[in-house]
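Source file: protein-v6.txt (compact mmCIF, C-alpha atoms and all ligand atoms)
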# COMPACT_ATOMS: atom_id res chain seq x y z
CA MET A 1066 0.00 0.00 0.00
CA SER A 1067 3.06 2.19 -0.29
CA GLU A 1068 4.15 4.41 -3.15
CA LYS A 1069 6.16 2.50 -5.75
CA PRO A 1070 7.97 3.45 -8.93
CA GLN A 1071 6.26 3.25 -12.28
CA HIS A 1072 6.31 -0.28 -13.66
CA PRO A 1073 6.39 -0.83 -17.41
CA HIS A 1074 3.37 -3.12 -17.06
CA GLY A 1075 1.23 -0.69 -15.09
CA LYS A 1076 1.44 1.36 -11.96
CA ALA A 1077 1.23 0.05 -8.42
CA GLU A 1078 -1.68 1.90 -6.87
CA ASN A 1079 -1.45 3.46 -3.45
CA PHE A 1080 -4.94 3.31 -1.98
CA MET A 1081 -4.47 3.67 1.74
CA LYS A 1082 -2.30 5.61 4.12
CA PHE A 1083 -2.37 7.07 7.61
CA SER A 1084 -2.62 10.80 8.23
CA ASN A 1085 -0.50 12.53 10.88
CA ASP A 1086 -3.40 12.46 13.32
CA ASN A 1087 -3.75 8.69 12.94
CA LYS A 1088 -6.73 8.62 10.59
CA VAL A 1089 -6.94 6.13 7.74
CA ILE A 1090 -7.09 7.89 4.39
CA VAL A 1091 -8.51 5.79 1.59
CA ASP A 1092 -8.50 6.57 -2.09
CA GLU A 1093 -11.51 4.71 -3.48
CA GLY A 1094 -10.50 5.37 -7.12
CA PRO A 1095 -7.79 2.70 -7.52
CA LEU A 1096 -9.85 0.15 -5.58
CA LYS A 1097 -12.85 0.65 -7.80
CA LYS A 1098 -10.74 0.57 -10.95
CA MET A 1099 -9.19 -2.71 -9.87
CA PHE A 1100 -12.18 -4.64 -8.52
CA GLU A 1101 -14.73 -3.41 -11.04
CA HIS A 1102 -12.46 -4.11 -14.02
CA PRO A 1103 -14.42 -6.37 -16.43
CA GLU A 1104 -11.69 -9.04 -16.18
CA VAL A 1105 -11.73 -8.97 -12.38
CA LYS A 1106 -15.21 -8.28 -11.04
CA SER A 1107 -16.72 -11.69 -11.79
CA ARG A 1108 -13.59 -13.77 -11.22
CA LYS A 1109 -12.52 -15.46 -8.05
CA ILE A 1110 -9.72 -13.61 -6.34
CA VAL A 1111 -6.30 -14.70 -5.14
CA ALA A 1112 -5.11 -11.99 -2.77
CA PHE A 1113 -1.40 -12.16 -2.12
CA SER A 1114 -0.02 -9.75 0.45
CA ILE A 1115 3.40 -9.17 1.96
CA ILE A 1116 3.99 -7.22 5.10
CA GLY A 1117 7.03 -6.27 7.16
CA ALA A 1118 9.45 -3.52 8.06
CA TYR A 1119 11.00 -1.10 5.60
CA ARG A 1120 14.24 -2.08 3.75
CA LYS A 1121 13.97 -5.80 4.36
CA GLY A 1122 13.69 -6.93 0.74
CA LYS A 1123 9.90 -6.98 0.29
CA SER A 1124 9.85 -5.07 -2.99
CA PHE A 1125 12.78 -7.09 -4.27
CA PHE A 1126 10.86 -10.30 -3.57
CA LEU A 1127 7.63 -8.93 -5.04
CA ASP A 1128 9.43 -7.93 -8.21
CA TYR A 1129 10.49 -11.52 -8.74
CA CYS A 1130 6.93 -12.67 -7.90
CA LEU A 1131 5.70 -10.36 -10.64
CA ARG A 1132 8.25 -11.69 -13.07
CA PHE A 1133 6.86 -15.15 -12.36
CA LEU A 1134 3.28 -13.93 -12.78
CA TYR A 1135 4.06 -12.10 -16.00
CA GLY A 1136 5.96 -15.13 -17.26
CA HIS A 1137 3.09 -17.55 -16.58
CA TYR A 1138 -0.15 -15.62 -16.67
CA LYS A 1139 -1.76 -12.90 -18.69
CA SER A 1140 -1.67 -9.37 -17.36
CA ILE A 1141 -4.72 -7.18 -17.82
CA ASN A 1142 -2.49 -4.13 -17.59
CA TYR A 1143 -0.27 -5.25 -20.35
CA PRO A 1144 -1.68 -8.03 -22.57
CA ASP A 1145 1.26 -8.12 -25.00
CA ASN A 1146 3.74 -8.76 -22.26
CA PRO A 1147 7.27 -9.30 -23.62
CA LEU A 1148 8.34 -11.03 -20.40
CA SER A 1149 5.80 -13.77 -20.91
CA ASN A 1150 8.11 -16.76 -20.99
CA PRO A 1151 7.57 -19.49 -18.39
CA ASN A 1152 11.06 -20.89 -18.94
CA ASP A 1153 12.85 -17.64 -18.49
CA TRP A 1154 10.76 -15.83 -15.96
CA MET A 1155 13.66 -14.66 -13.79
CA GLY A 1156 14.65 -12.34 -16.62
CA GLY A 1157 17.91 -11.82 -18.50
CA GLU A 1158 20.97 -12.44 -16.36
CA ASP A 1159 21.55 -8.74 -15.94
CA GLU A 1160 17.97 -7.55 -16.25
CA ALA A 1161 17.11 -4.79 -13.81
CA LEU A 1162 14.15 -4.87 -11.45
CA LEU A 1163 11.69 -2.16 -12.33
CA GLY A 1164 9.16 -1.91 -9.53
CA PHE A 1165 6.00 -3.92 -9.17
CA SER A 1166 2.38 -3.82 -10.10
CA TRP A 1167 -0.63 -5.68 -8.79
CA ARG A 1168 -2.67 -7.70 -11.15
CA SER A 1169 -2.47 -10.46 -13.66
CA VAL A 1170 -4.84 -13.13 -14.84
CA PRO A 1171 -4.17 -16.81 -15.53
CA THR A 1172 -5.08 -18.07 -18.96
CA THR A 1173 -5.68 -21.77 -18.32
CA GLY A 1174 -8.37 -23.64 -16.34
CA GLU A 1175 -10.74 -21.53 -14.26
CA LYS A 1176 -9.85 -17.90 -14.69
CA LEU A 1177 -8.81 -16.18 -11.49
CA ALA A 1178 -7.65 -12.67 -10.75
CA ILE A 1179 -4.45 -12.36 -8.74
CA ILE A 1180 -3.95 -9.26 -6.67
CA VAL A 1181 -0.51 -8.51 -5.27
CA MET A 1182 -0.30 -6.10 -2.34
CA ASP A 1183 2.71 -4.59 -0.63
CA THR A 1184 2.08 -3.32 2.86
CA GLN A 1185 4.67 -1.36 4.67
CA GLY A 1186 5.16 -0.65 8.31
CA LEU A 1187 5.03 -3.65 10.56
CA PHE A 1188 7.76 -3.78 13.24
CA ASP A 1189 8.88 -0.43 12.01
CA ASN A 1190 10.05 2.17 14.52
CA GLU A 1191 8.60 4.96 12.46
CA THR A 1192 5.08 3.57 12.57
CA SER A 1193 3.12 3.74 15.82
CA PRO A 1194 2.15 0.41 17.47
CA MET A 1195 -1.52 1.20 16.89
CA ASP A 1196 -0.99 1.82 13.17
CA ASN A 1197 1.26 -1.22 12.93
CA SER A 1198 -1.46 -3.48 14.22
CA ARG A 1199 -4.12 -1.88 12.07
CA ILE A 1200 -1.96 -2.32 8.98
CA PHE A 1201 -1.30 -5.94 9.78
CA ALA A 1202 -4.95 -6.55 10.63
CA LEU A 1203 -6.17 -5.10 7.35
CA GLY A 1204 -3.59 -7.06 5.34
CA THR A 1205 -4.69 -10.25 7.09
CA LEU A 1206 -8.37 -9.57 6.53
CA ILE A 1207 -8.08 -8.98 2.83
CA SER A 1208 -5.52 -11.57 1.83
CA SER A 1209 -5.78 -15.27 1.13
CA ILE A 1210 -2.00 -15.55 1.45
CA GLN A 1211 -0.25 -13.26 3.88
CA VAL A 1212 3.55 -13.31 3.86
CA LEU A 1213 5.16 -11.95 7.01
CA ASN A 1214 8.65 -10.80 6.00
CA LEU A 1215 11.08 -11.07 8.92
CA SER A 1216 14.83 -10.83 9.20
CA GLY A 1217 17.11 -13.27 11.03
CA VAL A 1218 14.92 -15.04 13.56
CA VAL A 1219 11.37 -14.86 14.89
CA GLN A 1220 11.29 -12.79 18.06
CA GLU A 1221 8.86 -13.06 20.91
CA ASP A 1222 7.70 -9.45 20.59
CA GLN A 1223 6.88 -10.08 16.92
CA LEU A 1224 4.62 -12.97 17.90
CA GLN A 1225 2.91 -10.79 20.48
CA TYR A 1226 2.42 -8.13 17.90
CA LEU A 1227 0.93 -10.69 15.61
CA GLN A 1228 -1.53 -11.70 18.29
CA PHE A 1229 -2.52 -8.11 19.00
CA ALA A 1230 -3.13 -7.37 15.32
CA THR A 1231 -4.87 -10.66 14.68
CA GLU A 1232 -7.18 -10.12 17.64
CA PHE A 1233 -8.22 -6.84 16.11
CA ALA A 1234 -8.84 -8.50 12.76
CA LYS A 1235 -10.67 -11.40 14.40
CA PHE A 1236 -13.00 -8.99 16.13
CA ALA A 1237 -13.81 -7.49 12.74
CA THR A 1238 -14.71 -10.90 11.33
CA ALA A 1239 -16.66 -12.24 14.29
CA ASP A 1240 -19.57 -13.30 12.06
CA SER A 1241 -17.67 -14.56 9.09
CA GLN A 1242 -15.69 -17.58 10.19
CA GLY A 1243 -15.92 -20.72 8.11
CA THR A 1244 -16.48 -24.28 9.30
CA SER A 1245 -12.86 -24.50 10.45
CA GLY A 1246 -13.66 -21.72 12.93
CA LYS A 1247 -10.48 -20.01 11.74
CA PRO A 1248 -11.13 -16.57 10.31
CA PHE A 1249 -7.94 -16.23 8.26
CA GLN A 1250 -6.38 -18.28 5.53
CA ASN A 1251 -2.66 -18.75 4.89
CA LEU A 1252 0.16 -17.13 6.81
CA LEU A 1253 3.75 -17.69 5.71
CA PHE A 1254 6.60 -16.62 7.98
CA LEU A 1255 9.34 -15.68 5.51
CA ILE A 1256 12.65 -15.54 7.35
CA ARG A 1257 15.39 -13.69 5.47
CA ASP A 1258 19.14 -14.12 5.99
CA TRP A 1259 18.69 -17.46 7.75
CA ALA A 1260 22.10 -18.14 9.31
CA ASN A 1261 21.62 -21.59 10.84
CA PRO A 1262 21.13 -24.07 7.99
CA ASP A 1263 22.97 -26.73 9.99
CA GLU A 1264 20.20 -26.58 12.54
CA TYR A 1265 17.23 -26.01 10.20
CA ASP A 1266 17.71 -26.37 6.48
CA PHE A 1267 16.72 -23.63 4.01
CA GLY A 1268 13.30 -23.85 2.44
CA LEU A 1269 9.86 -25.01 3.54
CA THR A 1270 10.77 -28.21 5.38
CA GLY A 1271 13.48 -26.58 7.48
CA GLY A 1272 11.06 -23.70 7.99
CA GLU A 1273 8.32 -25.99 9.20
CA ASN A 1274 10.66 -27.61 11.71
CA TYR A 1275 11.79 -24.19 12.93
CA MET A 1276 8.19 -22.99 13.15
CA ASN A 1277 7.22 -26.04 15.19
CA VAL A 1278 9.84 -24.90 17.67
CA PHE A 1279 8.96 -21.22 17.90
CA LEU A 1280 5.21 -21.93 17.99
CA LYS A 1281 5.49 -24.85 20.39
CA ILE A 1282 3.24 -24.68 23.41
CA LYS A 1283 5.05 -25.95 26.49
CA SER A 1284 3.67 -26.63 29.93
CA ASP A 1285 6.49 -24.75 31.63
CA GLN A 1286 5.92 -21.64 29.51
CA LYS A 1287 4.41 -18.51 31.01
CA GLU A 1288 0.68 -18.30 30.39
CA GLU A 1289 1.19 -15.23 28.21
CA LEU A 1290 3.58 -17.04 25.85
CA ARG A 1291 1.28 -20.05 25.65
CA SER A 1292 -1.75 -17.98 24.81
CA VAL A 1293 0.04 -16.08 22.00
CA ARG A 1294 0.91 -19.38 20.36
CA GLN A 1295 -2.53 -20.84 20.90
CA PHE A 1296 -4.08 -17.75 19.44
CA ILE A 1297 -1.95 -17.75 16.28
CA LYS A 1298 -2.63 -21.45 15.69
CA SER A 1299 -6.36 -20.99 16.12
CA SER A 1300 -6.54 -18.00 13.78
CA PHE A 1301 -5.05 -19.27 10.50
CA GLU A 1302 -6.14 -22.22 8.39
CA ASP A 1303 -2.59 -22.78 7.24
CA LEU A 1304 0.68 -21.70 8.84
CA SER A 1305 4.00 -22.22 7.12
CA CYS A 1306 7.54 -20.93 7.27
CA PHE A 1307 10.29 -20.56 4.69
CA LEU A 1308 13.97 -20.06 5.55
CA LEU A 1309 15.76 -18.01 2.90
CA PRO A 1310 19.58 -17.78 2.79
CA HIS A 1311 21.49 -14.51 2.73
CA PRO A 1312 21.48 -13.15 -0.85
CA GLY A 1313 25.15 -12.13 -0.82
CA MET A 1314 26.94 -8.87 -0.15
CA ILE A 1315 26.04 -7.17 -3.42
CA VAL A 1316 22.29 -7.83 -3.22
CA ALA A 1317 22.29 -6.85 0.46
CA GLY A 1318 23.89 -3.53 -0.50
CA LEU A 1319 27.03 -4.25 1.55
CA LYS A 1320 29.37 -4.32 -1.42
CA LYS A 1321 29.16 -1.59 -4.04
CA THR A 1322 29.53 -2.29 -7.74
CA ASN A 1323 30.00 -0.06 -10.73
CA PRO A 1324 27.46 0.29 -12.31
CA PRO A 1325 25.32 0.01 -9.14
CA TYR A 1326 23.44 -3.23 -8.52
CA ASN A 1327 20.14 -3.26 -10.39
CA GLY A 1328 18.34 -6.25 -8.81
CA SER A 1329 19.31 -8.83 -11.45
CA TRP A 1330 19.67 -12.48 -10.47
CA MET A 1331 23.25 -12.69 -11.79
CA ARG A 1332 24.56 -11.13 -8.57
CA MET A 1333 22.60 -13.36 -6.22
CA GLU A 1334 24.41 -16.07 -4.27
CA GLU A 1335 23.58 -19.41 -5.90
CA ASP A 1336 21.73 -20.91 -2.91
CA PHE A 1337 19.63 -17.75 -2.55
CA LYS A 1338 18.67 -17.91 -6.21
CA ILE A 1339 17.67 -21.56 -5.92
CA GLU A 1340 15.60 -21.00 -2.78
CA ILE A 1341 13.85 -17.84 -3.95
CA GLU A 1342 12.79 -19.67 -7.11
CA LYS A 1343 11.42 -22.56 -5.04
CA LEU A 1344 9.61 -20.16 -2.76
CA ILE A 1345 7.92 -18.25 -5.56
CA LYS A 1346 6.85 -21.46 -7.30
CA SER A 1347 5.47 -22.83 -4.04
CA LEU A 1348 3.29 -19.74 -3.73
CA LEU A 1349 2.31 -18.81 -7.27
CA LYS A 1350 2.17 -21.94 -9.42
CA PRO A 1351 -1.45 -22.42 -10.58
CA GLU A 1352 -2.03 -25.46 -8.34
CA MET A 1353 -0.71 -23.54 -5.32
CA LEU A 1354 -2.93 -20.47 -5.64
CA VAL A 1355 -5.29 -19.91 -2.71
CA ILE A 1356 -8.66 -18.34 -3.46
CA LYS A 1357 -9.90 -15.71 -1.02
CA LYS A 1358 -12.81 -17.04 1.05
CA ILE A 1359 -15.16 -15.55 3.58
CA SER A 1360 -17.32 -17.94 5.59
CA ASP A 1361 -16.20 -20.81 3.31
CA LYS A 1362 -17.41 -18.97 0.21
CA ASP A 1363 -15.02 -18.11 -2.64
CA LEU A 1364 -15.12 -14.38 -3.30
CA ILE A 1365 -15.32 -12.79 -6.73
CA GLY A 1366 -13.90 -9.33 -7.47
CA SER A 1367 -17.08 -7.30 -6.91
CA GLU A 1368 -17.84 -9.07 -3.60
CA PHE A 1369 -14.27 -8.61 -2.53
CA HIS A 1370 -14.64 -4.89 -3.22
CA GLU A 1371 -17.72 -4.65 -0.95
CA TYR A 1372 -16.00 -6.58 1.77
CA PHE A 1373 -12.93 -4.42 1.48
CA LYS A 1374 -15.00 -1.25 1.80
CA GLN A 1375 -16.69 -2.61 4.92
CA PHE A 1376 -13.35 -3.23 6.59
CA LEU A 1377 -11.95 0.08 5.55
CA ARG A 1378 -14.95 1.75 7.25
CA LEU A 1379 -14.14 -0.13 10.40
CA PHE A 1380 -10.58 1.11 10.27
CA GLN A 1381 -11.70 4.65 9.66
CA SER A 1382 -13.99 4.76 12.71
P1 LIG B 1401 11.56 -3.11 1.27
O1 LIG B 1401 11.63 -1.71 1.81
O2 LIG B 1401 11.28 -4.10 2.36
O3 LIG B 1401 10.63 -3.25 0.12
O4 LIG B 1401 13.06 -3.47 0.80
P2 LIG B 1401 13.71 -3.52 -0.67
O5 LIG B 1401 13.13 -4.62 -1.49
O6 LIG B 1401 13.71 -2.15 -1.23
O7 LIG B 1401 15.20 -3.99 -0.32
C1 LIG B 1401 16.08 -3.25 0.52
C2 LIG B 1401 17.51 -3.70 0.26
O8 LIG B 1401 17.67 -5.06 0.73
C3 LIG B 1401 17.92 -3.70 -1.19
O9 LIG B 1401 19.27 -3.25 -1.25
C4 LIG B 1401 17.85 -5.17 -1.60
O10 LIG B 1401 18.75 -5.49 -2.69
C5 LIG B 1401 18.25 -5.86 -0.32
N1 LIG B 1401 17.71 -7.23 -0.15
C6 LIG B 1401 16.75 -7.86 -0.90
N2 LIG B 1401 16.53 -9.10 -0.41
C7 LIG B 1401 17.34 -9.24 0.67
C8 LIG B 1401 17.56 -10.32 1.62
O11 LIG B 1401 16.93 -11.39 1.58
N3 LIG B 1401 18.51 -10.07 2.59
C9 LIG B 1401 19.22 -8.90 2.67
N4 LIG B 1401 20.13 -8.80 3.65
N5 LIG B 1401 19.03 -7.88 1.82
C10 LIG B 1401 18.11 -8.05 0.83

Would you mind writing the file out in structure tokens?
Ligand code: GDP
Amino acid sequence: MSEKPQHPHGKAENFMKFSNDNKVIVDEGPLKKMFEHPEVKSRKIVAFSIIGAYRKGKSFFLDYCLRFLYGHYKSINYPDNPLSNPNDWMGGEDEALLGFSWRSVPTTGEKLAIIVMDTQGLFDNETSPMDNSRIFALGTLISSIQVLNLSGVVQEDQLQYLQFATEFAKFATADSQGTSGKPFQNLLFLIRDWANPDEYDFGLTGGENYMNVFLKIKSDQKEELRSVRQFIKSSFEDLSCFLLPHPGMIVAGLKKTNPPYNGSWMRMEEDFKIEIEKLIKSLLKPEMLVIKKISDKDLIGSEFHEYFKQFLRLFQS
């Protein structure tokens, strides 16, 4: 939901921000344009959202997600997409990243609309705790896949934050839980710069093992720590974790090059490149897409728009 550079395939729209006196400011125009688009309004929606602190590689990751989407699906912003090549979706070896956009449409099987959202601010010292939780809550409410972008390790205060924000979001959805009783869909903990592959291997399996440890409920734990974990487990239909290696000094901006690094994959460390590819495929391959549901019902674009407006009102009050 933050301002992004112009993308050759369309512009990322900024539709929500906080004013200085803590009010939510919504620009209805981009929302309407997106959800009421003829190719979107009657299609089921996949809502992919990433959230986390500033300067932790979210846009970088989203750019590669978009490359995958443009390589495999049809974009309504840019139907004659020159990047559309499923075998070469990571781009030319020195191809620069150009910013990201938010919609593309698969061409095979049932047609879905995929919405990609970047949300900035969580665990960010510049954003107030209240705004942080509202941002996270809104992202959780409107996404079918929420990626929580974290650096290094999962910290206890981040889990508490997650509970606080999720409680807020859960309150907003009190009447709309499905048969699972869990109001939210998929949450992926994406851990960047994972430094302990000997303990937990990179990728989803290592991530799952690590997650089982940090979400474990133990009898000797303080009640507060137990309830945070219980709460998170009871709120999401699917919890997963992915451990991503360090991308290397150049990508991390710790070693300067001339010309300056442009985001291309050529400069990534090999294991980072392999894992980021696996991660993106595990999220965005057609069979992996998760349709946004409310009360067990798949949502189409126009319904999603109504639902979105309802929640925005709640955040504005
Ligand atoms: P955002 O503010 O979270 O969207 O962060 P950006 O995507 O703009 O990335 C900030 C910086 O981190 C850039 O220099 C990226 O090249 C770099 N970066 C991208 N991915 C990673 C990562 O996994 N680890 C580290 N250490 N740096 C990364």

Would you name the residues within 7 Å of ligand LIG 1401 (chain B), counting only C-alpha atoms and all ligand atoms, and put them as a PyMOL selection string?
-> chain A and resi 1117-1126+1257-1258+1309+1311-1312+1316-1318+1328

Nearest to Pro1310 in chain A among A:Val1278, A:Leu1203, A:Ile1179, A:Ile1256, with distances taken over all atoms listed in the file: which residue is it?
->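 Using all atoms listed in the file, the shortest distance to Pro1310 in chain A belongs to A:Ile1256.
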
Just how far from CA of Leu1255 in chain A is CA of Pro1351 in chain A, in Å to one decimal?
-> 20.5 Å

To one decimal in Å, tell me the separation between CA of Ala1234 in chain A and CA of Gly1204 in chain A.
->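 Computing it gives 9.2 Å between the two atoms.
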
Please determine the residues with any atom at most 9 Å from (-5.6, -10.8, 7.2) (coordinates as given in the file, with only C-alpha atoms counting) and report them as an MDAnalysis selection string.
-> chainID A and resid 1114 1201:1211 1231 1234:1235 1248:1252

Around all listed atoms of range 1216-1232 of chain A, padded 3 Å per side, what centre and edge lengths does the axis-aligned box have in Å to one decimal, as AutoDock Vina command-line options?
--center_x 5.0 --center_y -11.2 --center_z 15.1 --size_x 30.3 --size_y 13.7 --size_z 17.7

Would you be able to write out as number ranges by chain which residues have an atom within 9 Å of (-14.7, -11.5, -13.3) in the file's coordinates, counting only C-alpha atoms?
-> A: 1100-1110, 1176-1178, 1365-1367

Write the selection just made, keeping C-alpha atoms, as a PDB file, keeping the file's coordinate frame?
ATOM      1  CA  PHE A1100     -12.180  -4.640  -8.520  1.00  0.00           C
ATOM      2  CA  GLU A1101     -14.730  -3.410 -11.040  1.00  0.00           C
ATOM      3  CA  HIS A1102     -12.460  -4.110 -14.020  1.00  0.00           C
ATOM      4  CA  PRO A1103     -14.420  -6.370 -16.430  1.00  0.00           C
ATOM      5  CA  GLU A1104     -11.690  -9.040 -16.180  1.00  0.00           C
ATOM      6  CA  VAL A1105     -11.730  -8.970 -12.380  1.00  0.00           C
ATOM      7  CA  LYS A1106     -15.210  -8.280 -11.040  1.00  0.00           C
ATOM      8  CA  SER A1107     -16.720 -11.690 -11.790  1.00  0.00           C
ATOM      9  CA  ARG A1108     -13.590 -13.770 -11.220  1.00  0.00           C
ATOM     10  CA  LYS A1109     -12.520 -15.460  -8.050  1.00  0.00           C
ATOM     11  CA  ILE A1110      -9.720 -13.610  -6.340  1.00  0.00           C
ATOM     12  CA  LYS A1176      -9.850 -17.900 -14.690  1.00  0.00           C
ATOM     13  CA  LEU A1177      -8.810 -16.180 -11.490  1.00  0.00           C
ATOM     14  CA  ALA A1178      -7.650 -12.670 -10.750  1.00  0.00           C
ATOM     15  CA  ILE A1365     -15.320 -12.790  -6.730  1.00  0.00           C
ATOM     16  CA  GLY A1366     -13.900  -9.330  -7.470  1.00  0.00           C
ATOM     17  CA  SER A1367     -17.080  -7.300  -6.910  1.00  0.00           C
TER      18      SER A1367
END

Choose the residue, out of A:Glu1342, A:Asp1336, A:Glu1232, A:Asp1196, that has the smallest atom-to-atom separation from Ser1299 in chain A; count only C-alpha atoms.
->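 Between A:Glu1342, A:Asp1336, A:Glu1232, A:Asp1196, the residue approaching Ser1299 in chain A most closely is A:Glu1232.
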
Interatomic distance between CA of Val1111 in chain A and CA of Gly1268 in chain A?
->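 So the answer is 22.9 Å.
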
From A:Tyr1226, A:Phe1113, A:Phe1254, A:Phe1279, residue lying nearest Leu1131 in chain A [all atoms listed in the file] | A:Phe1113
